[in-house]
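Pasted below: entry.txt, compact mmCIF, N, CA, C and O atoms.
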```txt
# COMPACT_ATOMS: atom_id res chain seq x y z
N MET A 205 -33.24 39.75 60.94
CA MET A 205 -33.61 38.58 60.18
C MET A 205 -32.33 37.87 59.77
O MET A 205 -31.39 38.49 59.32
N CYS A 206 -32.33 36.57 59.94
CA CYS A 206 -31.12 35.79 59.72
C CYS A 206 -31.33 34.73 58.66
O CYS A 206 -32.43 34.22 58.48
N LEU A 207 -30.26 34.39 57.99
CA LEU A 207 -30.23 33.24 57.11
C LEU A 207 -29.48 32.14 57.83
O LEU A 207 -28.30 32.29 58.13
N PRO A 208 -30.17 31.04 58.16
CA PRO A 208 -29.49 29.96 58.88
C PRO A 208 -28.60 29.15 57.95
O PRO A 208 -28.80 29.13 56.74
N ALA A 209 -27.61 28.52 58.54
CA ALA A 209 -26.74 27.62 57.78
C ALA A 209 -27.53 26.36 57.42
O ALA A 209 -28.44 25.96 58.14
N ILE A 210 -27.18 25.77 56.32
CA ILE A 210 -27.80 24.50 55.94
C ILE A 210 -26.71 23.43 55.90
O ILE A 210 -25.57 23.73 55.62
N GLY A 211 -27.10 22.22 56.22
CA GLY A 211 -26.14 21.12 56.24
C GLY A 211 -25.53 20.95 57.61
O GLY A 211 -25.97 21.53 58.60
N SER A 212 -24.49 20.16 57.66
CA SER A 212 -23.82 19.85 58.92
C SER A 212 -23.12 21.08 59.49
O SER A 212 -22.53 21.88 58.76
N THR A 213 -23.18 21.23 60.80
CA THR A 213 -22.48 22.34 61.47
C THR A 213 -21.28 21.82 62.26
O THR A 213 -20.72 22.54 63.08
N ALA A 214 -20.85 20.59 62.01
CA ALA A 214 -19.77 19.97 62.78
C ALA A 214 -18.48 20.80 62.70
O ALA A 214 -17.81 21.01 63.73
N SER A 215 -18.10 21.29 61.54
CA SER A 215 -16.88 22.08 61.40
C SER A 215 -16.99 23.39 62.17
O SER A 215 -16.05 23.83 62.84
N PHE A 216 -18.14 24.03 62.07
CA PHE A 216 -18.39 25.28 62.80
C PHE A 216 -18.30 25.03 64.30
O PHE A 216 -17.65 25.79 65.02
N ASP A 217 -18.95 23.97 64.78
CA ASP A 217 -18.93 23.64 66.20
C ASP A 217 -17.51 23.38 66.69
O ASP A 217 -17.10 23.86 67.75
N ALA A 218 -16.73 22.64 65.91
CA ALA A 218 -15.35 22.33 66.29
C ALA A 218 -14.49 23.60 66.31
O ALA A 218 -13.66 23.78 67.21
N LEU A 219 -14.69 24.48 65.34
CA LEU A 219 -13.94 25.73 65.29
C LEU A 219 -14.25 26.58 66.53
O LEU A 219 -13.33 27.08 67.19
N ARG A 220 -15.52 26.76 66.84
CA ARG A 220 -15.89 27.55 68.03
C ARG A 220 -15.29 26.96 69.29
O ARG A 220 -14.78 27.67 70.14
N GLU A 221 -15.37 25.64 69.40
CA GLU A 221 -14.85 24.99 70.60
C GLU A 221 -13.35 25.22 70.74
O GLU A 221 -12.85 25.49 71.82
N SER A 222 -12.62 25.11 69.62
CA SER A 222 -11.17 25.30 69.69
C SER A 222 -10.80 26.76 69.96
O SER A 222 -9.86 27.05 70.70
N LEU A 223 -11.55 27.71 69.39
CA LEU A 223 -11.25 29.12 69.59
C LEU A 223 -11.62 29.61 70.99
O LEU A 223 -10.99 30.49 71.54
N LEU A 224 -12.66 29.02 71.56
CA LEU A 224 -13.14 29.46 72.86
C LEU A 224 -12.69 28.56 74.00
O LEU A 224 -13.20 28.67 75.11
N ALA A 225 -11.74 27.69 73.74
CA ALA A 225 -11.29 26.72 74.75
C ALA A 225 -10.46 27.43 75.82
O ALA A 225 -9.25 27.50 75.75
N ARG A 226 -11.17 27.97 76.80
CA ARG A 226 -10.53 28.59 77.96
C ARG A 226 -11.31 28.17 79.20
O ARG A 226 -12.52 27.96 79.12
N PRO A 227 -10.65 28.08 80.32
CA PRO A 227 -11.32 27.63 81.54
C PRO A 227 -12.47 28.55 81.97
O PRO A 227 -13.41 28.10 82.61
N ASP A 228 -12.39 29.83 81.62
CA ASP A 228 -13.42 30.78 82.07
C ASP A 228 -14.59 30.92 81.10
O ASP A 228 -15.46 31.74 81.30
N ILE A 229 -14.61 30.12 80.03
CA ILE A 229 -15.68 30.22 79.03
C ILE A 229 -16.41 28.88 78.93
O ILE A 229 -15.79 27.84 78.75
N VAL A 230 -17.72 28.96 79.02
CA VAL A 230 -18.56 27.80 78.76
C VAL A 230 -18.99 27.89 77.30
O VAL A 230 -19.65 28.85 76.90
N VAL A 231 -18.58 26.94 76.50
CA VAL A 231 -18.88 26.97 75.07
C VAL A 231 -20.29 26.43 74.87
O VAL A 231 -20.55 25.25 75.03
N ARG A 232 -21.20 27.35 74.54
CA ARG A 232 -22.59 26.97 74.27
C ARG A 232 -22.77 26.71 72.79
O ARG A 232 -22.11 27.33 71.96
N LYS A 233 -23.64 25.80 72.46
CA LYS A 233 -23.93 25.50 71.06
C LYS A 233 -24.65 26.69 70.44
O LYS A 233 -25.59 27.22 71.01
N GLN A 234 -24.17 27.11 69.30
CA GLN A 234 -24.77 28.22 68.57
C GLN A 234 -25.16 27.74 67.17
O GLN A 234 -24.48 26.89 66.60
N ALA A 235 -26.19 28.30 66.63
CA ALA A 235 -26.58 28.00 65.26
C ALA A 235 -25.87 28.98 64.33
O ALA A 235 -26.07 30.19 64.46
N PRO A 236 -25.02 28.49 63.43
CA PRO A 236 -24.35 29.41 62.50
C PRO A 236 -25.37 30.08 61.59
O PRO A 236 -26.31 29.44 61.14
N HIS A 237 -25.18 31.37 61.37
CA HIS A 237 -26.10 32.14 60.55
C HIS A 237 -25.43 33.42 60.09
O HIS A 237 -24.38 33.80 60.59
N ILE A 238 -26.08 34.07 59.16
CA ILE A 238 -25.67 35.41 58.74
C ILE A 238 -26.83 36.33 59.09
O ILE A 238 -27.96 36.10 58.68
N THR A 239 -26.54 37.37 59.86
CA THR A 239 -27.57 38.32 60.24
C THR A 239 -27.68 39.38 59.15
O THR A 239 -26.71 40.09 58.88
N LEU A 240 -28.83 39.45 58.54
CA LEU A 240 -29.05 40.45 57.50
C LEU A 240 -29.60 41.74 58.10
O LEU A 240 -29.23 42.83 57.70
N ILE A 241 -30.50 41.60 59.05
CA ILE A 241 -31.11 42.75 59.70
C ILE A 241 -31.22 42.41 61.17
O ILE A 241 -31.95 41.49 61.55
N HIS A 242 -30.49 43.11 62.02
CA HIS A 242 -30.52 42.80 63.44
C HIS A 242 -31.80 43.37 64.06
O HIS A 242 -32.15 44.53 63.80
N PRO A 243 -32.49 42.58 64.87
CA PRO A 243 -33.78 43.04 65.40
C PRO A 243 -33.69 44.27 66.31
O PRO A 243 -34.65 45.02 66.42
N ARG A 244 -32.55 44.50 66.93
CA ARG A 244 -32.45 45.67 67.83
C ARG A 244 -32.20 46.97 67.09
O ARG A 244 -32.53 48.04 67.59
N ASN A 245 -31.58 46.89 65.91
CA ASN A 245 -31.27 48.16 65.24
C ASN A 245 -31.56 48.14 63.75
O ASN A 245 -31.14 49.02 63.02
N GLY A 246 -32.27 47.13 63.28
CA GLY A 246 -32.61 47.05 61.87
C GLY A 246 -33.75 47.98 61.52
O GLY A 246 -34.60 48.29 62.35
N THR A 247 -33.78 48.46 60.29
CA THR A 247 -34.85 49.36 59.86
C THR A 247 -35.65 48.77 58.71
O THR A 247 -36.46 49.46 58.13
N CYS A 248 -35.43 47.51 58.41
CA CYS A 248 -36.12 46.87 57.30
C CYS A 248 -37.45 46.28 57.80
O CYS A 248 -37.51 45.68 58.86
N SER A 249 -38.50 46.44 57.02
CA SER A 249 -39.79 45.86 57.38
C SER A 249 -39.86 44.41 56.89
O SER A 249 -39.07 43.98 56.04
N ASP A 250 -40.80 43.65 57.43
CA ASP A 250 -40.97 42.27 56.99
C ASP A 250 -41.28 42.20 55.51
O ASP A 250 -40.77 41.34 54.80
N SER A 251 -42.12 43.11 55.01
CA SER A 251 -42.46 43.07 53.58
C SER A 251 -41.24 43.38 52.71
O SER A 251 -41.05 42.77 51.66
N ALA A 252 -40.40 44.32 53.15
CA ALA A 252 -39.18 44.62 52.39
C ALA A 252 -38.24 43.42 52.41
O ALA A 252 -37.61 43.10 51.39
N PHE A 253 -38.15 42.74 53.56
CA PHE A 253 -37.29 41.56 53.64
C PHE A 253 -37.77 40.46 52.70
O PHE A 253 -36.97 39.80 52.04
N VAL A 254 -39.08 40.26 52.61
CA VAL A 254 -39.63 39.26 51.70
C VAL A 254 -39.23 39.58 50.26
O VAL A 254 -38.84 38.70 49.50
N THR A 255 -39.30 40.85 49.89
CA THR A 255 -38.89 41.27 48.55
C THR A 255 -37.41 41.00 48.32
O THR A 255 -37.01 40.46 47.29
N ILE A 256 -36.57 41.35 49.31
CA ILE A 256 -35.13 41.11 49.20
C ILE A 256 -34.86 39.62 49.06
O ILE A 256 -34.10 39.19 48.19
N ALA A 257 -35.48 38.81 49.90
CA ALA A 257 -35.26 37.36 49.87
C ALA A 257 -35.69 36.76 48.53
O ALA A 257 -35.03 35.90 47.98
N ARG A 258 -36.80 37.23 48.01
CA ARG A 258 -37.30 36.70 46.74
C ARG A 258 -36.34 37.01 45.60
O ARG A 258 -36.13 36.22 44.70
N GLU A 259 -35.71 38.17 45.64
CA GLU A 259 -34.85 38.60 44.55
C GLU A 259 -33.39 38.20 44.70
O GLU A 259 -32.67 38.11 43.73
N HIS A 260 -32.93 37.97 45.94
CA HIS A 260 -31.50 37.80 46.16
C HIS A 260 -31.09 36.52 46.89
O HIS A 260 -29.92 36.33 47.16
N VAL A 261 -32.03 35.67 47.25
CA VAL A 261 -31.70 34.45 48.00
C VAL A 261 -32.15 33.27 47.15
O VAL A 261 -33.26 33.29 46.63
N PRO A 262 -31.41 32.22 46.98
CA PRO A 262 -30.09 32.00 47.56
C PRO A 262 -29.02 32.80 46.83
O PRO A 262 -29.19 33.19 45.69
N PHE A 263 -27.94 33.01 47.51
CA PHE A 263 -26.83 33.76 46.93
C PHE A 263 -25.53 33.14 47.41
O PHE A 263 -25.50 32.33 48.31
N THR A 264 -24.43 33.55 46.78
CA THR A 264 -23.11 33.09 47.18
C THR A 264 -22.29 34.31 47.55
O THR A 264 -22.36 35.34 46.87
N VAL A 265 -21.53 34.19 48.62
CA VAL A 265 -20.69 35.30 49.05
C VAL A 265 -19.34 34.73 49.47
O VAL A 265 -19.26 33.63 50.00
N THR A 266 -18.28 35.48 49.19
CA THR A 266 -16.93 35.10 49.62
C THR A 266 -16.46 36.11 50.65
O THR A 266 -16.45 37.31 50.38
N PHE A 267 -16.11 35.62 51.83
CA PHE A 267 -15.60 36.49 52.88
C PHE A 267 -14.08 36.52 52.78
O PHE A 267 -13.43 35.50 52.84
N ARG A 268 -13.53 37.70 52.67
CA ARG A 268 -12.08 37.84 52.61
C ARG A 268 -11.50 38.08 54.01
O ARG A 268 -10.31 37.98 54.21
N ARG A 269 -12.35 38.40 54.95
CA ARG A 269 -11.91 38.64 56.32
C ARG A 269 -13.09 38.34 57.25
O ARG A 269 -14.23 38.61 56.90
N ALA A 270 -12.78 37.81 58.39
CA ALA A 270 -13.82 37.55 59.39
C ALA A 270 -13.29 37.98 60.75
O ALA A 270 -12.09 37.90 61.02
N THR A 271 -14.18 38.44 61.59
CA THR A 271 -13.81 38.85 62.95
C THR A 271 -14.64 38.03 63.92
O THR A 271 -15.86 37.97 63.79
N LEU A 272 -13.97 37.41 64.87
CA LEU A 272 -14.66 36.66 65.90
C LEU A 272 -15.09 37.65 66.97
O LEU A 272 -14.27 38.41 67.49
N ILE A 273 -16.39 37.68 67.27
CA ILE A 273 -16.92 38.61 68.26
C ILE A 273 -17.66 37.82 69.33
O ILE A 273 -18.04 36.67 69.11
N ALA A 274 -17.84 38.44 70.47
CA ALA A 274 -18.55 37.77 71.56
C ALA A 274 -19.35 38.79 72.34
O ALA A 274 -18.96 39.96 72.46
N GLN A 275 -20.47 38.32 72.88
CA GLN A 275 -21.30 39.12 73.77
C GLN A 275 -21.61 38.25 74.97
O GLN A 275 -22.00 37.09 74.81
N VAL A 276 -21.44 38.78 76.17
CA VAL A 276 -21.70 38.02 77.38
C VAL A 276 -22.84 38.67 78.14
O VAL A 276 -22.79 39.87 78.44
N ASP A 277 -23.87 37.89 78.43
CA ASP A 277 -25.00 38.35 79.25
C ASP A 277 -25.59 39.68 78.79
O ASP A 277 -25.87 40.56 79.61
N GLY A 278 -25.75 39.86 77.50
CA GLY A 278 -26.37 41.07 76.98
C GLY A 278 -25.47 42.30 77.00
O GLY A 278 -25.92 43.40 76.68
N GLY A 279 -24.20 42.12 77.33
CA GLY A 279 -23.26 43.24 77.36
C GLY A 279 -22.86 43.67 75.97
O GLY A 279 -23.43 43.20 74.97
N PRO A 280 -21.87 44.54 75.87
CA PRO A 280 -21.43 45.00 74.55
C PRO A 280 -20.73 43.88 73.78
O PRO A 280 -20.15 42.98 74.38
N TRP A 281 -20.80 43.96 72.47
CA TRP A 281 -20.07 43.02 71.63
C TRP A 281 -18.60 43.39 71.68
O TRP A 281 -18.24 44.56 71.65
N ARG A 282 -17.74 42.39 71.76
CA ARG A 282 -16.29 42.61 71.80
C ARG A 282 -15.64 41.80 70.70
O ARG A 282 -16.03 40.66 70.44
N ASN A 283 -14.62 42.38 70.05
CA ASN A 283 -13.78 41.62 69.13
C ASN A 283 -12.87 40.74 69.98
O ASN A 283 -12.28 41.21 70.95
N LEU A 284 -12.75 39.48 69.61
CA LEU A 284 -11.86 38.56 70.33
C LEU A 284 -10.56 38.47 69.56
O LEU A 284 -10.54 38.18 68.37
N ASN A 285 -9.46 38.75 70.21
CA ASN A 285 -8.15 38.67 69.58
C ASN A 285 -7.60 37.27 69.80
O ASN A 285 -6.88 37.02 70.76
N VAL A 286 -7.95 36.37 68.92
CA VAL A 286 -7.47 34.98 69.03
C VAL A 286 -6.64 34.64 67.81
O VAL A 286 -6.71 35.26 66.81
```
Show me the file's structure as structure tokens.
Amino acid sequence: MCLPAIGSTASFDALRESLLARPDIVVRKQAPHITLIHPRNGTCSDSAFVTIAREHVPFTVTFRRATLIAQVDGGPWRNLNV
């Protein structure tokens, strides 16, 4: 289950494009979001998520570190050293 970004994504789009600007990469448009529970390995039920969302959303979070990751054609996720 994901929380989508709200507002303009122009800065996010520009950042992705600049970070992924390589001849061997096709930069596809992505919707910025925060994944709270990943559908492939999450253990939270829909009813539990509704309870969490009701009690904790909206919220503010400060990221002190971020890692750019990529997955190609369903393969493993890789950290990108950019």
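With atom O of Ala235 (chain A) on one side and atom N of Ala209 (chain A) on the other, the separation reads 6.3 Å.
CA of Gly211 (chain A) is positioned 28.5 Å from CA of Asn285 (chain A).
Interatomic distance, CA of His237 (chain A) to atom O of Ile256 (chain A): 16.3 Å.
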Out of chain A, which residues get alpha helix (DSSP H) from DSSP, as a count of residues only? 21
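DSSP on the backbone gives strand (DSSP E) for these parts of chain A: A:Cys206, A:Leu207, A:Pro208, A:His237, A:Ile238, A:Thr239, A:Ile273, A:Ala274, A:Arg282, A:Asn283.
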Would you put the residues from that selection into a file with N, CA, C and O atoms, as a PDB file, keeping the file's coordinate frame?
```pdb
ATOM      1  N   CYS A 206     -32.330  36.570  59.940  1.00  0.00           N
ATOM      2  CA  CYS A 206     -31.120  35.790  59.720  1.00  0.00           C
ATOM      3  C   CYS A 206     -31.330  34.730  58.660  1.00  0.00           C
ATOM      4  O   CYS A 206     -32.430  34.220  58.480  1.00  0.00           O
ATOM      5  N   LEU A 207     -30.260  34.390  57.990  1.00  0.00           N
ATOM      6  CA  LEU A 207     -30.230  33.240  57.110  1.00  0.00           C
ATOM      7  C   LEU A 207     -29.480  32.140  57.830  1.00  0.00           C
ATOM      8  O   LEU A 207     -28.300  32.290  58.130  1.00  0.00           O
ATOM      9  N   PRO A 208     -30.170  31.040  58.160  1.00  0.00           N
ATOM     10  CA  PRO A 208     -29.490  29.960  58.880  1.00  0.00           C
ATOM     11  C   PRO A 208     -28.600  29.150  57.950  1.00  0.00           C
ATOM     12  O   PRO A 208     -28.800  29.130  56.740  1.00  0.00           O
ATOM     13  N   HIS A 237     -25.180  31.370  61.370  1.00  0.00           N
ATOM     14  CA  HIS A 237     -26.100  32.140  60.550  1.00  0.00           C
ATOM     15  C   HIS A 237     -25.430  33.420  60.090  1.00  0.00           C
ATOM     16  O   HIS A 237     -24.380  33.800  60.590  1.00  0.00           O
ATOM     17  N   ILE A 238     -26.080  34.070  59.160  1.00  0.00           N
ATOM     18  CA  ILE A 238     -25.670  35.410  58.740  1.00  0.00           C
ATOM     19  C   ILE A 238     -26.830  36.330  59.090  1.00  0.00           C
ATOM     20  O   ILE A 238     -27.960  36.100  58.680  1.00  0.00           O
ATOM     21  N   THR A 239     -26.540  37.370  59.860  1.00  0.00           N
ATOM     22  CA  THR A 239     -27.570  38.320  60.240  1.00  0.00           C
ATOM     23  C   THR A 239     -27.680  39.380  59.150  1.00  0.00           C
ATOM     24  O   THR A 239     -26.710  40.090  58.880  1.00  0.00           O
ATOM     25  N   ILE A 273     -16.390  37.680  67.270  1.00  0.00           N
ATOM     26  CA  ILE A 273     -16.920  38.610  68.260  1.00  0.00           C
ATOM     27  C   ILE A 273     -17.660  37.820  69.330  1.00  0.00           C
ATOM     28  O   ILE A 273     -18.040  36.670  69.110  1.00  0.00           O
ATOM     29  N   ALA A 274     -17.840  38.440  70.470  1.00  0.00           N
ATOM     30  CA  ALA A 274     -18.550  37.770  71.560  1.00  0.00           C
ATOM     31  C   ALA A 274     -19.350  38.790  72.340  1.00  0.00           C
ATOM     32  O   ALA A 274     -18.960  39.960  72.460  1.00  0.00           O
ATOM     33  N   ARG A 282     -17.740  42.390  71.760  1.00  0.00           N
ATOM     34  CA  ARG A 282     -16.290  42.610  71.800  1.00  0.00           C
ATOM     35  C   ARG A 282     -15.640  41.800  70.700  1.00  0.00           C
ATOM     36  O   ARG A 282     -16.030  40.660  70.440  1.00  0.00           O
ATOM     37  N   ASN A 283     -14.620  42.380  70.050  1.00  0.00           N
ATOM     38  CA  ASN A 283     -13.780  41.620  69.130  1.00  0.00           C
ATOM     39  C   ASN A 283     -12.870  40.740  69.980  1.00  0.00           C
ATOM     40  O   ASN A 283     -12.280  41.210  70.950  1.00  0.00           O
TER      41      ASN A 283
END
```
Set the distance at 12 Å and use only C-alpha atoms: which residues neighbour region 226-232 of chain A once local chain neighbours fewer than 2 positions away are removed? I'd like the list as a list in words. Asp217, Ala218, Leu219, Arg220, Glu221, Ser222, Leu223, Leu224, Gln234, Ala235, Ala274, Gln275, Val276 and Val286 of chain A
